[in-house]
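A.B. asks: Next up, protein.cif (mmCIF, C-alpha atoms).
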data_upload
#
loop_
_atom_site.group_PDB
_atom_site.id
_atom_site.type_symbol
_atom_site.label_atom_id
_atom_site.label_comp_id
_atom_site.auth_asym_id
_atom_site.auth_seq_id
_atom_site.Cartn_x
_atom_site.Cartn_y
_atom_site.Cartn_z
ATOM 1 C CA MET A 1 113.243 143.097 -79.846
ATOM 2 C CA SER A 2 114.572 145.916 -82.043
ATOM 3 C CA GLN A 3 111.748 148.300 -81.165
ATOM 4 C CA ALA A 4 112.033 147.433 -77.464
ATOM 5 C CA PHE A 5 115.783 148.020 -77.620
ATOM 6 C CA ASP A 6 115.283 151.432 -79.254
ATOM 7 C CA THR A 7 112.719 152.379 -76.618
ATOM 8 C CA LEU A 8 115.043 151.258 -73.846
ATOM 9 C CA CYS A 9 117.870 153.318 -75.342
ATOM 10 C CA GLU A 10 115.670 156.411 -75.385
ATOM 11 C CA TYR A 11 114.644 155.773 -71.778
ATOM 12 C CA LEU A 12 118.286 155.472 -70.719
ATOM 13 C CA ARG A 13 119.221 158.628 -72.627
ATOM 14 C CA ARG A 14 116.501 160.656 -70.904
ATOM 15 C CA ASN A 15 117.110 159.342 -67.400
ATOM 16 C CA SER A 16 120.856 158.797 -67.237
ATOM 17 C CA GLY A 17 122.292 160.479 -70.327
ATOM 18 C CA LEU A 18 123.723 157.162 -71.497
ATOM 19 C CA VAL A 19 123.870 156.929 -75.292
ATOM 20 C CA MET A 20 123.569 153.387 -76.590
ATOM 21 C CA GLU A 21 124.301 152.378 -80.164
ATOM 22 C CA GLN A 22 123.014 149.395 -82.120
ATOM 23 C CA SER A 23 126.421 147.779 -81.723
ATOM 24 C CA LYS A 24 125.834 147.642 -77.963
ATOM 25 C CA LYS A 25 122.880 145.278 -78.136
ATOM 26 C CA TYR A 26 124.975 142.639 -76.433
ATOM 27 C CA LEU A 27 124.757 144.742 -73.256
ATOM 28 C CA VAL A 28 121.026 144.154 -73.200
ATOM 29 C CA GLU A 29 121.514 140.409 -72.957
ATOM 30 C CA SER A 30 124.436 140.524 -70.540
ATOM 31 C CA ARG A 31 123.108 143.208 -68.188
ATOM 32 C CA VAL A 32 119.366 143.708 -68.560
ATOM 33 C CA MET A 33 118.070 140.223 -69.303
ATOM 34 C CA PRO A 34 119.122 138.976 -65.829
ATOM 35 C CA ILE A 35 116.708 141.595 -64.434
ATOM 36 C CA VAL A 36 113.998 140.348 -66.773
ATOM 37 C CA ARG A 37 114.502 136.825 -65.459
ATOM 38 C CA ARG A 38 114.682 137.993 -61.835
ATOM 39 C CA GLU A 39 111.378 139.823 -62.179
ATOM 40 C CA LYS A 40 109.883 136.841 -64.056
ATOM 41 C CA LEU A 41 108.905 139.007 -67.014
ATOM 42 C CA SER A 42 108.067 137.692 -70.454
ATOM 43 C CA GLY A 43 110.872 139.593 -72.140
ATOM 44 C CA LEU A 44 112.459 142.955 -72.844
ATOM 45 C CA GLU A 45 109.173 144.323 -74.181
ATOM 46 C CA GLU A 46 107.421 143.861 -70.828
ATOM 47 C CA LEU A 47 110.371 145.407 -68.972
ATOM 48 C CA VAL A 48 110.260 148.483 -71.194
ATOM 49 C CA ALA A 49 106.505 148.783 -70.692
ATOM 50 C CA LEU A 50 106.966 148.777 -66.914
ATOM 51 C CA LEU A 51 109.708 151.385 -67.120
ATOM 52 C CA GLN A 52 107.518 153.667 -69.201
ATOM 53 C CA LYS A 53 104.708 153.448 -66.617
ATOM 54 C CA GLY A 54 107.143 154.773 -63.999
ATOM 55 C CA GLN A 55 105.507 152.832 -61.171
ATOM 56 C CA SER A 56 108.657 151.076 -59.925
ATOM 57 C CA PRO A 57 111.538 153.422 -59.012
ATOM 58 C CA LYS A 58 113.596 150.458 -57.815
ATOM 59 C CA LEU A 59 113.239 148.668 -61.150
ATOM 60 C CA ALA A 60 114.237 151.828 -63.008
ATOM 61 C CA LYS A 61 117.250 152.256 -60.727
ATOM 62 C CA ASP A 62 118.310 148.627 -61.223
ATOM 63 C CA VAL A 63 118.126 148.916 -65.022
ATOM 64 C CA ILE A 64 120.092 152.164 -65.151
ATOM 65 C CA GLU A 65 122.757 150.777 -62.843
ATOM 66 C CA ALA A 66 122.951 147.561 -64.859
ATOM 67 C CA MET A 67 123.566 149.501 -68.065
ATOM 68 C CA THR A 68 126.144 151.855 -66.574
ATOM 69 C CA ILE A 69 129.680 151.084 -67.669
ATOM 70 C CA ASN A 70 131.763 150.283 -64.564
ATOM 71 C CA GLU A 71 135.059 149.200 -66.109
ATOM 72 C CA THR A 72 137.962 150.530 -64.049
ATOM 73 C CA TYR A 73 141.272 149.527 -62.495
ATOM 74 C CA PHE A 74 144.081 151.024 -60.457
ATOM 75 C CA PHE A 75 146.181 153.682 -62.219
ATOM 76 C CA ARG A 76 144.197 153.145 -65.406
ATOM 77 C CA ASP A 77 146.067 154.461 -68.476
ATOM 78 C CA LYS A 78 148.971 155.539 -66.200
ATOM 79 C CA SER A 79 149.607 158.887 -67.944
ATOM 80 C CA PRO A 80 146.946 160.904 -66.049
ATOM 81 C CA PHE A 81 148.425 159.731 -62.753
ATOM 82 C CA ASP A 82 151.962 160.581 -63.864
ATOM 83 C CA GLN A 83 150.629 164.029 -64.765
ATOM 84 C CA PHE A 84 148.867 164.308 -61.422
ATOM 85 C CA ARG A 85 152.109 163.504 -59.631
ATOM 86 C CA THR A 86 154.456 165.716 -61.661
ATOM 87 C CA VAL A 87 152.292 168.523 -63.087
ATOM 88 C CA MET A 88 148.940 169.109 -61.384
ATOM 89 C CA LEU A 89 149.849 168.328 -57.788
ATOM 90 C CA PRO A 90 153.076 170.386 -57.667
ATOM 91 C CA ALA A 91 151.230 173.340 -59.221
ATOM 92 C CA MET A 92 148.432 173.117 -56.674
ATOM 93 C CA LEU A 93 150.800 172.715 -53.727
ATOM 94 C CA ALA A 94 152.519 175.930 -54.770
ATOM 95 C CA ALA A 95 149.296 177.821 -55.407
ATOM 96 C CA ARG A 96 147.667 176.645 -52.152
ATOM 97 C CA GLN A 97 150.673 176.935 -49.844
ATOM 98 C CA ASN A 98 148.986 179.647 -47.775
ATOM 99 C CA GLU A 99 145.534 178.116 -47.317
ATOM 100 C CA LYS A 100 146.855 174.525 -47.201
ATOM 101 C CA ARG A 101 143.695 173.023 -48.601
ATOM 102 C CA LEU A 102 143.172 170.816 -51.644
ATOM 103 C CA ARG A 103 139.969 169.245 -53.010
ATOM 104 C CA ILE A 104 139.887 166.577 -55.709
ATOM 105 C CA TRP A 105 136.846 165.065 -57.422
ATOM 106 C CA SER A 106 136.775 161.639 -59.051
ATOM 107 C CA ALA A 107 133.624 161.795 -61.168
ATOM 108 C CA ALA A 108 132.221 158.410 -62.236
ATOM 109 C CA ALA A 109 134.354 156.767 -59.552
ATOM 110 C CA SER A 110 132.862 153.295 -60.069
ATOM 111 C CA THR A 111 134.345 150.806 -57.580
ATOM 112 C CA GLY A 112 136.896 153.288 -56.298
ATOM 113 C CA GLN A 113 140.173 152.388 -57.970
ATOM 114 C CA GLU A 114 140.708 155.843 -59.493
ATOM 115 C CA ALA A 115 140.020 157.727 -56.261
ATOM 116 C CA TYR A 116 142.215 155.365 -54.257
ATOM 117 C CA SER A 117 145.011 155.638 -56.832
ATOM 118 C CA ILE A 118 144.942 159.399 -56.255
ATOM 119 C CA ALA A 119 144.960 158.858 -52.489
ATOM 120 C CA MET A 120 147.998 156.584 -52.683
ATOM 121 C CA ILE A 121 149.926 159.176 -54.680
ATOM 122 C CA LEU A 122 149.009 161.839 -52.131
ATOM 123 C CA ASP A 123 150.302 159.542 -49.405
ATOM 124 C CA ASP A 124 153.700 159.652 -51.130
ATOM 125 C CA PHE A 125 153.543 163.445 -50.741
ATOM 126 C CA ALA A 126 152.529 163.314 -47.057
ATOM 127 C CA ALA A 127 155.893 164.586 -45.803
ATOM 128 C CA ARG A 128 155.538 167.673 -48.006
ATOM 129 C CA ILE A 129 152.031 168.625 -46.907
ATOM 130 C CA PRO A 130 151.936 168.504 -43.093
ATOM 131 C CA GLY A 131 148.916 170.331 -41.758
ATOM 132 C CA TRP A 132 147.117 170.322 -45.103
ATOM 133 C CA LYS A 133 143.442 169.442 -45.399
ATOM 134 C CA VAL A 134 143.082 167.232 -48.465
ATOM 135 C CA GLU A 135 139.683 165.948 -49.580
ATOM 136 C CA ILE A 136 139.002 163.390 -52.279
ATOM 137 C CA VAL A 137 135.368 162.965 -53.307
ATOM 138 C CA GLY A 138 134.324 160.039 -55.484
ATOM 139 C CA THR A 139 130.879 160.031 -57.100
ATOM 140 C CA ASP A 140 128.967 157.594 -59.230
ATOM 141 C CA LEU A 141 125.423 156.981 -60.390
ATOM 142 C CA SER A 142 125.422 153.423 -59.067
ATOM 143 C CA GLU A 143 124.928 152.810 -55.352
ATOM 144 C CA GLN A 144 126.001 149.219 -55.911
ATOM 145 C CA VAL A 145 129.495 150.084 -57.123
ATOM 146 C CA LEU A 146 129.865 152.796 -54.483
ATOM 147 C CA GLU A 147 129.184 150.227 -51.782
ATOM 148 C CA LYS A 148 132.051 148.140 -53.102
ATOM 149 C CA ALA A 149 134.230 151.249 -53.275
ATOM 150 C CA ARG A 150 133.583 151.989 -49.611
ATOM 151 C CA LYS A 151 134.479 148.420 -48.609
ATOM 152 C CA ALA A 152 137.639 148.645 -50.746
ATOM 153 C CA THR A 153 138.045 144.891 -50.960
ATOM 154 C CA TYR A 154 139.352 143.652 -54.292
ATOM 155 C CA SER A 155 140.127 140.313 -55.895
ATOM 156 C CA GLN A 156 143.599 139.170 -56.858
ATOM 157 C CA PHE A 157 142.736 139.946 -60.486
ATOM 158 C CA GLU A 158 141.628 143.485 -59.613
ATOM 159 C CA VAL A 159 144.764 144.382 -57.664
ATOM 160 C CA GLN A 160 146.966 142.941 -60.390
ATOM 161 C CA ARG A 161 145.473 145.337 -62.969
ATOM 162 C CA GLY A 162 147.731 148.384 -62.833
ATOM 163 C CA LEU A 163 148.728 148.291 -59.156
ATOM 164 C CA PRO A 164 152.518 148.002 -58.617
ATOM 165 C CA ALA A 165 153.602 145.318 -56.141
ATOM 166 C CA PRO A 166 155.211 147.806 -53.702
ATOM 167 C CA MET A 167 151.929 149.708 -53.411
ATOM 168 C CA LEU A 168 149.990 146.490 -52.931
ATOM 169 C CA LEU A 169 152.256 145.520 -50.029
ATOM 170 C CA ARG A 170 152.296 148.964 -48.525
ATOM 171 C CA HIS A 171 148.585 149.762 -48.610
ATOM 172 C CA PHE A 172 146.680 146.451 -48.687
ATOM 173 C CA ASN A 173 146.053 143.563 -46.310
ATOM 174 C CA GLN A 174 145.385 140.116 -47.705
ATOM 175 C CA ILE A 175 142.183 138.485 -46.466
ATOM 176 C CA GLY A 176 141.869 134.993 -47.872
ATOM 177 C CA GLU A 177 141.925 135.356 -51.638
ATOM 178 C CA SER A 178 141.024 139.062 -51.509
ATOM 179 C CA TRP A 179 142.904 142.254 -50.679
ATOM 180 C CA GLN A 180 141.503 145.053 -48.534
ATOM 181 C CA LEU A 181 142.829 148.591 -48.702
ATOM 182 C CA SER A 182 144.165 150.008 -45.451
ATOM 183 C CA ASP A 183 141.940 152.193 -43.294
ATOM 184 C CA HIS A 184 144.543 154.927 -43.675
ATOM 185 C CA ILE A 185 143.992 155.238 -47.438
ATOM 186 C CA ARG A 186 140.255 154.512 -47.281
ATOM 187 C CA SER A 187 139.775 157.400 -44.856
ATOM 188 C CA LYS A 188 141.104 159.851 -47.443
ATOM 189 C CA VAL A 189 138.161 159.300 -49.815
ATOM 190 C CA THR A 190 134.470 160.063 -49.410
ATOM 191 C CA PHE A 191 132.031 158.427 -51.832
ATOM 192 C CA ARG A 192 128.660 159.954 -52.713
ATOM 193 C CA PRO A 193 125.929 158.946 -55.181
ATOM 194 C CA LEU A 194 125.562 161.421 -58.028
ATOM 195 C CA ASN A 195 124.039 161.544 -61.496
ATOM 196 C CA LEU A 196 126.148 163.878 -63.640
ATOM 197 C CA LEU A 197 122.943 165.085 -65.260
ATOM 198 C CA ALA A 198 121.775 166.422 -61.883
ATOM 199 C CA ASP A 199 122.942 169.525 -60.041
ATOM 200 C CA PHE A 200 126.270 169.016 -58.302
ATOM 201 C CA THR A 201 126.985 172.498 -56.933
ATOM 202 C CA THR A 202 126.408 171.087 -53.432
ATOM 203 C CA LEU A 203 129.719 169.231 -53.804
ATOM 204 C CA GLY A 204 131.574 172.533 -53.474
ATOM 205 C CA ARG A 205 134.611 173.808 -55.350
ATOM 206 C CA PHE A 206 137.412 171.572 -56.586
ATOM 207 C CA ASP A 207 141.044 172.182 -57.476
ATOM 208 C CA ILE A 208 141.437 169.040 -59.598
ATOM 209 C CA ILE A 209 138.695 167.057 -61.337
ATOM 210 C CA PHE A 210 139.146 163.594 -62.836
ATOM 211 C CA CYS A 211 136.307 162.985 -65.298
ATOM 212 C CA ARG A 212 137.672 160.125 -67.360
ATOM 213 C CA ASN A 213 136.047 157.614 -69.679
ATOM 214 C CA VAL A 214 132.503 158.710 -68.955
ATOM 215 C CA LEU A 215 131.725 161.597 -71.334
ATOM 216 C CA ILE A 216 132.103 159.240 -74.292
ATOM 217 C CA TYR A 217 128.718 157.784 -73.326
ATOM 218 C CA PHE A 218 126.878 161.125 -73.613
ATOM 219 C CA ASP A 219 125.745 163.045 -76.675
ATOM 220 C CA ALA A 220 127.305 166.429 -77.530
ATOM 221 C CA VAL A 221 124.562 168.483 -75.872
ATOM 222 C CA ARG A 222 124.876 166.680 -72.569
ATOM 223 C CA LYS A 223 128.681 166.688 -72.724
ATOM 224 C CA THR A 224 128.621 170.448 -73.178
ATOM 225 C CA ASP A 225 126.197 170.883 -70.286
ATOM 226 C CA ILE A 226 128.185 168.662 -67.920
ATOM 227 C CA LEU A 227 131.465 170.388 -68.743
ATOM 228 C CA ALA A 228 129.895 173.840 -68.327
ATOM 229 C CA ARG A 229 128.597 172.969 -64.881
ATOM 230 C CA MET A 230 131.856 171.231 -64.001
ATOM 231 C CA THR A 231 133.794 174.347 -64.946
ATOM 232 C CA ARG A 232 131.648 176.375 -62.557
ATOM 233 C CA VAL A 233 132.771 174.236 -59.607
ATOM 234 C CA LEU A 234 136.411 174.259 -60.747
ATOM 235 C CA ALA A 235 138.827 176.642 -59.041
ATOM 236 C CA PRO A 236 139.981 179.467 -61.376
ATOM 237 C CA ASP A 237 143.445 177.906 -61.591
ATOM 238 C CA GLY A 238 142.283 174.300 -61.332
ATOM 239 C CA PHE A 239 142.705 171.293 -63.612
ATOM 240 C CA VAL A 240 140.344 168.886 -65.350
ATOM 241 C CA THR A 241 141.616 165.633 -66.804
ATOM 242 C CA LEU A 242 139.624 163.575 -69.325
ATOM 243 C CA GLY A 243 140.044 160.085 -70.703
ATOM 244 C CA ALA A 244 142.536 159.183 -73.408
ATOM 245 C CA SER A 245 139.801 158.922 -76.059
ATOM 246 C CA GLU A 246 137.960 162.086 -74.977
ATOM 247 C CA SER A 247 138.448 165.643 -76.227
ATOM 248 C CA LEU A 248 136.716 169.004 -76.418
ATOM 249 C CA ILE A 249 136.618 169.019 -80.216
ATOM 250 C CA GLY A 250 133.237 170.240 -81.427
ATOM 251 C CA LEU A 251 132.123 171.314 -77.944
ATOM 252 C CA LYS A 252 131.529 174.878 -76.811
ATOM 253 C CA THR A 253 133.267 175.135 -73.455
ATOM 254 C CA ASP A 254 135.319 177.515 -71.329
ATOM 255 C CA LEU A 255 138.000 174.855 -70.894
ATOM 256 C CA VAL A 256 141.200 174.827 -72.945
ATOM 257 C CA GLY A 257 143.891 172.217 -73.324
ATOM 258 C CA HIS A 258 147.164 172.466 -71.446
ATOM 259 C CA GLY A 259 149.864 173.611 -73.821
ATOM 260 C CA GLU A 260 152.287 170.820 -72.946
ATOM 261 C CA HIS A 261 150.290 167.946 -71.497
ATOM 262 C CA ARG A 262 147.608 166.170 -73.465
ATOM 263 C CA GLY A 263 144.477 165.293 -71.524
ATOM 264 C CA ILE A 264 144.767 168.161 -69.027
ATOM 265 C CA PHE A 265 142.364 171.091 -69.351
ATOM 266 C CA MET A 266 142.017 174.434 -67.560
ATOM 267 C CA ARG A 267 139.784 177.455 -67.592
ATOM 268 C CA ALA A 268 140.516 179.714 -70.562
ATOM 269 C CA GLY A 269 143.114 182.291 -69.506
ATOM 270 C CA ALA A 270 144.378 180.286 -66.531
ATOM 271 C CA ALA A 271 147.383 178.704 -68.246
ATOM 272 C CA PRO A 272 149.982 181.456 -67.567
ATOM 273 C CA ALA A 273 149.239 181.526 -63.829
ATOM 274 C CA VAL A 274 149.291 177.734 -63.653
ATOM 275 C CA GLU A 275 152.656 177.563 -65.368
ATOM 276 C CA GLN A 276 154.131 180.120 -62.983
ATOM 277 C CA SER A 277 152.778 178.211 -59.980
ATOM 278 C CA ALA A 278 154.203 174.952 -61.271
ATOM 279 C CA MET A 279 157.623 176.503 -61.714
ATOM 280 C CA ARG A 280 157.808 177.436 -58.045
ATOM 281 C CA VAL A 281 157.826 173.796 -56.950
ATOM 282 C CA ALA A 282 160.540 171.493 -58.206
ATOM 283 C CA PRO A 283 159.345 167.867 -57.962
ATOM 284 C CA GLN A 284 161.198 165.847 -55.355
ATOM 285 C CA PRO A 285 162.989 162.700 -56.527
ATOM 286 C CA SER A 286 160.118 160.422 -55.475
ATOM 287 C CA ALA A 287 157.732 162.471 -57.628
ATOM 288 C CA THR A 288 159.677 161.691 -60.781
ATOM 289 C CA LEU A 289 159.790 157.925 -60.294
ATOM 290 C CA PRO A 290 157.222 155.638 -61.885
ATOM 291 C CA ILE A 291 153.953 155.421 -59.995
ATOM 292 C CA GLY A 292 154.202 153.472 -56.772
ATOM 293 C CA PHE A 293 157.998 153.442 -56.614
ATOM 294 C CA GLY A 294 158.659 156.333 -54.242
ATOM 295 C CA ALA A 295 161.387 155.988 -51.616
ATOM 296 C CA ALA A 296 158.985 154.580 -49.029
ATOM 297 C CA ALA A 297 157.927 151.813 -51.413
ATOM 298 C CA MET A 298 161.394 150.789 -52.572
ATOM 299 C CA SER A 299 162.507 148.849 -49.499
ATOM 300 C CA ALA A 300 163.471 145.373 -50.644
ATOM 301 C CA SER A 301 162.317 143.953 -47.328
ATOM 302 C CA ARG A 302 158.710 144.772 -48.317
ATOM 303 C CA LEU A 303 158.825 142.784 -51.562
ATOM 304 C CA ARG A 304 157.145 139.678 -50.227
ATOM 305 C CA THR A 305 155.245 138.876 -53.427
ATOM 306 C CA THR A 306 155.279 139.604 -57.132
ATOM 307 C CA GLY A 307 151.600 140.721 -57.134
#
Can I see the file as structure tokens?
C.D. replies:
Amino acid sequence: MSQAFDTLCEYLRRNSGLVMEQSKKYLVESRVMPIVRREKLSGLEELVALLQKGQSPKLAKDVIEAMTINETYFFRDKSPFDQFRTVMLPAMLAARQNEKRLRIWSAAASTGQEAYSIAMILDDFAARIPGWKVEIVGTDLSEQVLEKARKATYSQFEVQRGLPAPMLLRHFNQIGESWQLSDHIRSKVTFRPLNLLADFTTLGRFDIIFCRNVLIYFDAVRKTDILARMTRVLAPDGFVTLGASESLIGLKTDLVGHGEHRGIFMRAGAAPAVEQSAMRVAPQPSATLPIGFGAAAMSASRLRTTG
């Protein structure tokens, strides 16, 4: 089992960039062994042998998707979304006031909660951006999770994780024991399959990139490569936000940390221009309230449930 596990880890590293440690052996049992049983194989050793032969693309795809970490929830970690609302978005609205166009990328979007959290915040800003073309692109390696993201139907447990009650009532419709996001918010996000190890220049240029809680699963070489290519599709004055446990320490990159806000990164040399842009837009009152509690969401008549 140990040798098969090591071989599987090397296969995953080569084909998806995922770095597995010995402490993660439990993932093999919880995520890969169901595939072994489904395919009626003798064990992990036979699965690995089939993967190495490369004769079943579907099997390889299923294994990689099974081992991909898909943990996510609405407004996860809160701080990046507060920063999006009060720092990144005001700066971009000032800098793009002539072209009236904004593009945002949610890398490793999983089942869509991050991208839709961004979309709901933008909806709070709708009155300030009439005539703007705003695009949100969510990408993920797994077609399975992207399909769920497109359907945007979540369980009671999923909507309770991080989603304020006013936003639940404003943007979701209850269907039995599940909640489906409104067509209005769903239409703001486009989901596309993408392996971060592959070329992504076809996605175009972005003003803001959310790449959170995914780089921790790559080794330093691949992290550096992904960030270098990500920087090339980032607008000169754009922002990148990483996860709370992620940093650029030990990596050679053209990104630098924001001087005042941890977790936000920009192209080296872009900080002065960004600060000046941000100063030209004073956040409106709704932008300074906690997430989901803008003026439109505060009506007591909408509080039909505690979520």
A.B. asks: Could you pull the residues within 10 Å of Val256 of chain A, counting only C-alpha atoms, minus those fewer than 5 positions along the same chain, as a PDB file with C-alpha atoms, in the frame of the given file?
C.D. replies:
ATOM      1  CA  VAL A 240     140.344 168.886 -65.350  1.00  0.00           C
ATOM      2  CA  LEU A 248     136.716 169.004 -76.418  1.00  0.00           C
ATOM      3  CA  ILE A 264     144.767 168.161 -69.027  1.00  0.00           C
ATOM      4  CA  PHE A 265     142.364 171.091 -69.351  1.00  0.00           C
ATOM      5  CA  MET A 266     142.017 174.434 -67.560  1.00  0.00           C
ATOM      6  CA  ARG A 267     139.784 177.455 -67.592  1.00  0.00           C
ATOM      7  CA  ALA A 268     140.516 179.714 -70.562  1.00  0.00           C
ATOM      8  CA  GLY A 269     143.114 182.291 -69.506  1.00  0.00           C
ATOM      9  CA  ALA A 270     144.378 180.286 -66.531  1.00  0.00           C
ATOM     10  CA  ALA A 271     147.383 178.704 -68.246  1.00  0.00           C
TER      11      ALA A 271
END
A.B. asks: Up to 12 Å from (148.9, 161.6, -48.9) in the file's coordinates: name the residues, counting all atoms listed in the file, as an mmCIF file with C-alpha atoms, in the frame of the given file.
C.D. replies:
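Below is the file that was written, point-v1.cif:
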data_model
loop_
_atom_site.group_PDB
_atom_site.id
_atom_site.type_symbol
_atom_site.label_atom_id
_atom_site.label_comp_id
_atom_site.auth_asym_id
_atom_site.auth_seq_id
_atom_site.Cartn_x
_atom_site.Cartn_y
_atom_site.Cartn_z
ATOM 1 C CA ARG A 85 152.109 163.504 -59.631
ATOM 2 C CA LEU A 89 149.849 168.328 -57.788
ATOM 3 C CA LEU A 102 143.172 170.816 -51.644
ATOM 4 C CA TYR A 116 142.215 155.365 -54.257
ATOM 5 C CA SER A 117 145.011 155.638 -56.832
ATOM 6 C CA ILE A 118 144.942 159.399 -56.255
ATOM 7 C CA ALA A 119 144.960 158.858 -52.489
ATOM 8 C CA MET A 120 147.998 156.584 -52.683
ATOM 9 C CA ILE A 121 149.926 159.176 -54.680
ATOM 10 C CA LEU A 122 149.009 161.839 -52.131
ATOM 11 C CA ASP A 123 150.302 159.542 -49.405
ATOM 12 C CA ASP A 124 153.700 159.652 -51.130
ATOM 13 C CA PHE A 125 153.543 163.445 -50.741
ATOM 14 C CA ALA A 126 152.529 163.314 -47.057
ATOM 15 C CA ALA A 127 155.893 164.586 -45.803
ATOM 16 C CA ARG A 128 155.538 167.673 -48.006
ATOM 17 C CA ILE A 129 152.031 168.625 -46.907
ATOM 18 C CA PRO A 130 151.936 168.504 -43.093
ATOM 19 C CA GLY A 131 148.916 170.331 -41.758
ATOM 20 C CA TRP A 132 147.117 170.322 -45.103
ATOM 21 C CA LYS A 133 143.442 169.442 -45.399
ATOM 22 C CA VAL A 134 143.082 167.232 -48.465
ATOM 23 C CA GLU A 135 139.683 165.948 -49.580
ATOM 24 C CA ILE A 136 139.002 163.390 -52.279
ATOM 25 C CA HIS A 171 148.585 149.762 -48.610
ATOM 26 C CA HIS A 184 144.543 154.927 -43.675
ATOM 27 C CA ILE A 185 143.992 155.238 -47.438
ATOM 28 C CA ARG A 186 140.255 154.512 -47.281
ATOM 29 C CA SER A 187 139.775 157.400 -44.856
ATOM 30 C CA LYS A 188 141.104 159.851 -47.443
ATOM 31 C CA VAL A 189 138.161 159.300 -49.815
#
A.B. asks: One number please: atom CA of Phe172 of chain A to atom CA of Thr86 of chain A, in Å, one decimal.
C.D. replies: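 Interatomic distance here is 24.5 Å.
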A.B. asks: Please write as a ChimeraX atom specification the full residue list that the PyMOL selection byres ((chain A and resi 4) around 9) yields on this file.
C.D. replies: /A:1-3,5-9,44-49
A.B. asks: Write out, as CSV, each residue of segment 99-142 of chain A that has an atom at most 12 Å from segment 219-238 of chain A, together with the closest pair of atoms and their distance in Å to one decimal, counting only C-alpha atoms, rows going by chain and rising number.
C.D. replies:
residue,atom,partner,partner_atom,distance
A:Leu102,CA,A:Gly238,CA,10.3
A:Arg103,CA,A:Ala235,CA,9.6
A:Ile104,CA,A:Leu234,CA,9.8
A:Trp105,CA,A:Leu234,CA,9.8
A:Ser106,CA,A:Met230,CA,11.9
A:Ala107,CA,A:Met230,CA,10.0
A.B. asks: List as a PyMOL selection string the residues having at least one atom at most 9 Å from position (138.9, 162.8, -75.5) as given in the file, counting all atoms listed in the file.
C.D. replies: chain A and resi 212-213+215-216+242-249+263
A.B. asks: Could you write out as a compact mmCIF listing (two decimals) with C-alpha atoms, keeping the file's coordinate frame the residues that the PyMOL selection byres ((chain A and resi 140-149) around 9) matches in the shown file?
C.D. replies:
# COMPACT_ATOMS: atom_id res chain seq x y z
CA SER A 16 120.86 158.80 -67.24
CA LYS A 61 117.25 152.26 -60.73
CA ASP A 62 118.31 148.63 -61.22
CA ILE A 64 120.09 152.16 -65.15
CA GLU A 65 122.76 150.78 -62.84
CA ALA A 66 122.95 147.56 -64.86
CA THR A 68 126.14 151.85 -66.57
CA ASN A 70 131.76 150.28 -64.56
CA SER A 106 136.78 161.64 -59.05
CA ALA A 107 133.62 161.79 -61.17
CA ALA A 108 132.22 158.41 -62.24
CA ALA A 109 134.35 156.77 -59.55
CA SER A 110 132.86 153.29 -60.07
CA THR A 111 134.34 150.81 -57.58
CA GLY A 112 136.90 153.29 -56.30
CA GLN A 113 140.17 152.39 -57.97
CA GLY A 138 134.32 160.04 -55.48
CA THR A 139 130.88 160.03 -57.10
CA ARG A 150 133.58 151.99 -49.61
CA LYS A 151 134.48 148.42 -48.61
CA ALA A 152 137.64 148.65 -50.75
CA THR A 153 138.04 144.89 -50.96
CA TYR A 154 139.35 143.65 -54.29
CA PHE A 191 132.03 158.43 -51.83
CA ARG A 192 128.66 159.95 -52.71
CA PRO A 193 125.93 158.95 -55.18
CA LEU A 194 125.56 161.42 -58.03
CA ASN A 195 124.04 161.54 -61.50
CA LEU A 196 126.15 163.88 -63.64
A.B. asks: Could you tell me how far atom CA of Ile175 of chain A lies from atom CA of Val137 of chain A, in Å and to one decimal?
C.D. replies: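 Straight-line distance from atom CA of Ile175 of chain A to atom CA of Val137 of chain A works out to 26.3 Å.
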A.B. asks: Work out how far atom CA of Leu18 of chain A is from atom CA of Ile35 of chain A, in Å to one decimal.
C.D. replies: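 A separation of 18.5 Å between them.
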A.B. asks: Since the input lacks some atoms of segment 48-55 of chain A, please model N, CA and C atoms and print them as a compact mmCIF listing (two decimals), in the coordinates of the input.
C.D. replies:
# COMPACT_ATOMS: atom_id res chain seq x y z
N VAL A 48 110.35 147.11 -70.68
CA VAL A 48 110.26 148.48 -71.19
C VAL A 48 108.90 149.09 -70.87
N ALA A 49 107.85 148.30 -71.00
CA ALA A 49 106.50 148.78 -70.69
C ALA A 49 106.40 149.20 -69.23
N LEU A 50 106.99 148.44 -68.33
CA LEU A 50 106.97 148.78 -66.91
C LEU A 50 107.77 150.05 -66.63
N LEU A 51 108.89 150.19 -67.30
CA LEU A 51 109.71 151.38 -67.12
C LEU A 51 108.95 152.63 -67.57
N GLN A 52 108.26 152.52 -68.68
CA GLN A 52 107.52 153.67 -69.20
C GLN A 52 106.37 154.08 -68.28
N LYS A 53 105.78 153.13 -67.55
CA LYS A 53 104.71 153.45 -66.62
C LYS A 53 105.24 154.24 -65.41
N GLY A 54 106.53 154.02 -65.09
CA GLY A 54 107.14 154.77 -64.00
C GLY A 54 106.61 154.43 -62.62
N GLN A 55 106.11 153.22 -62.44
CA GLN A 55 105.51 152.83 -61.17
C GLN A 55 106.47 152.09 -60.25
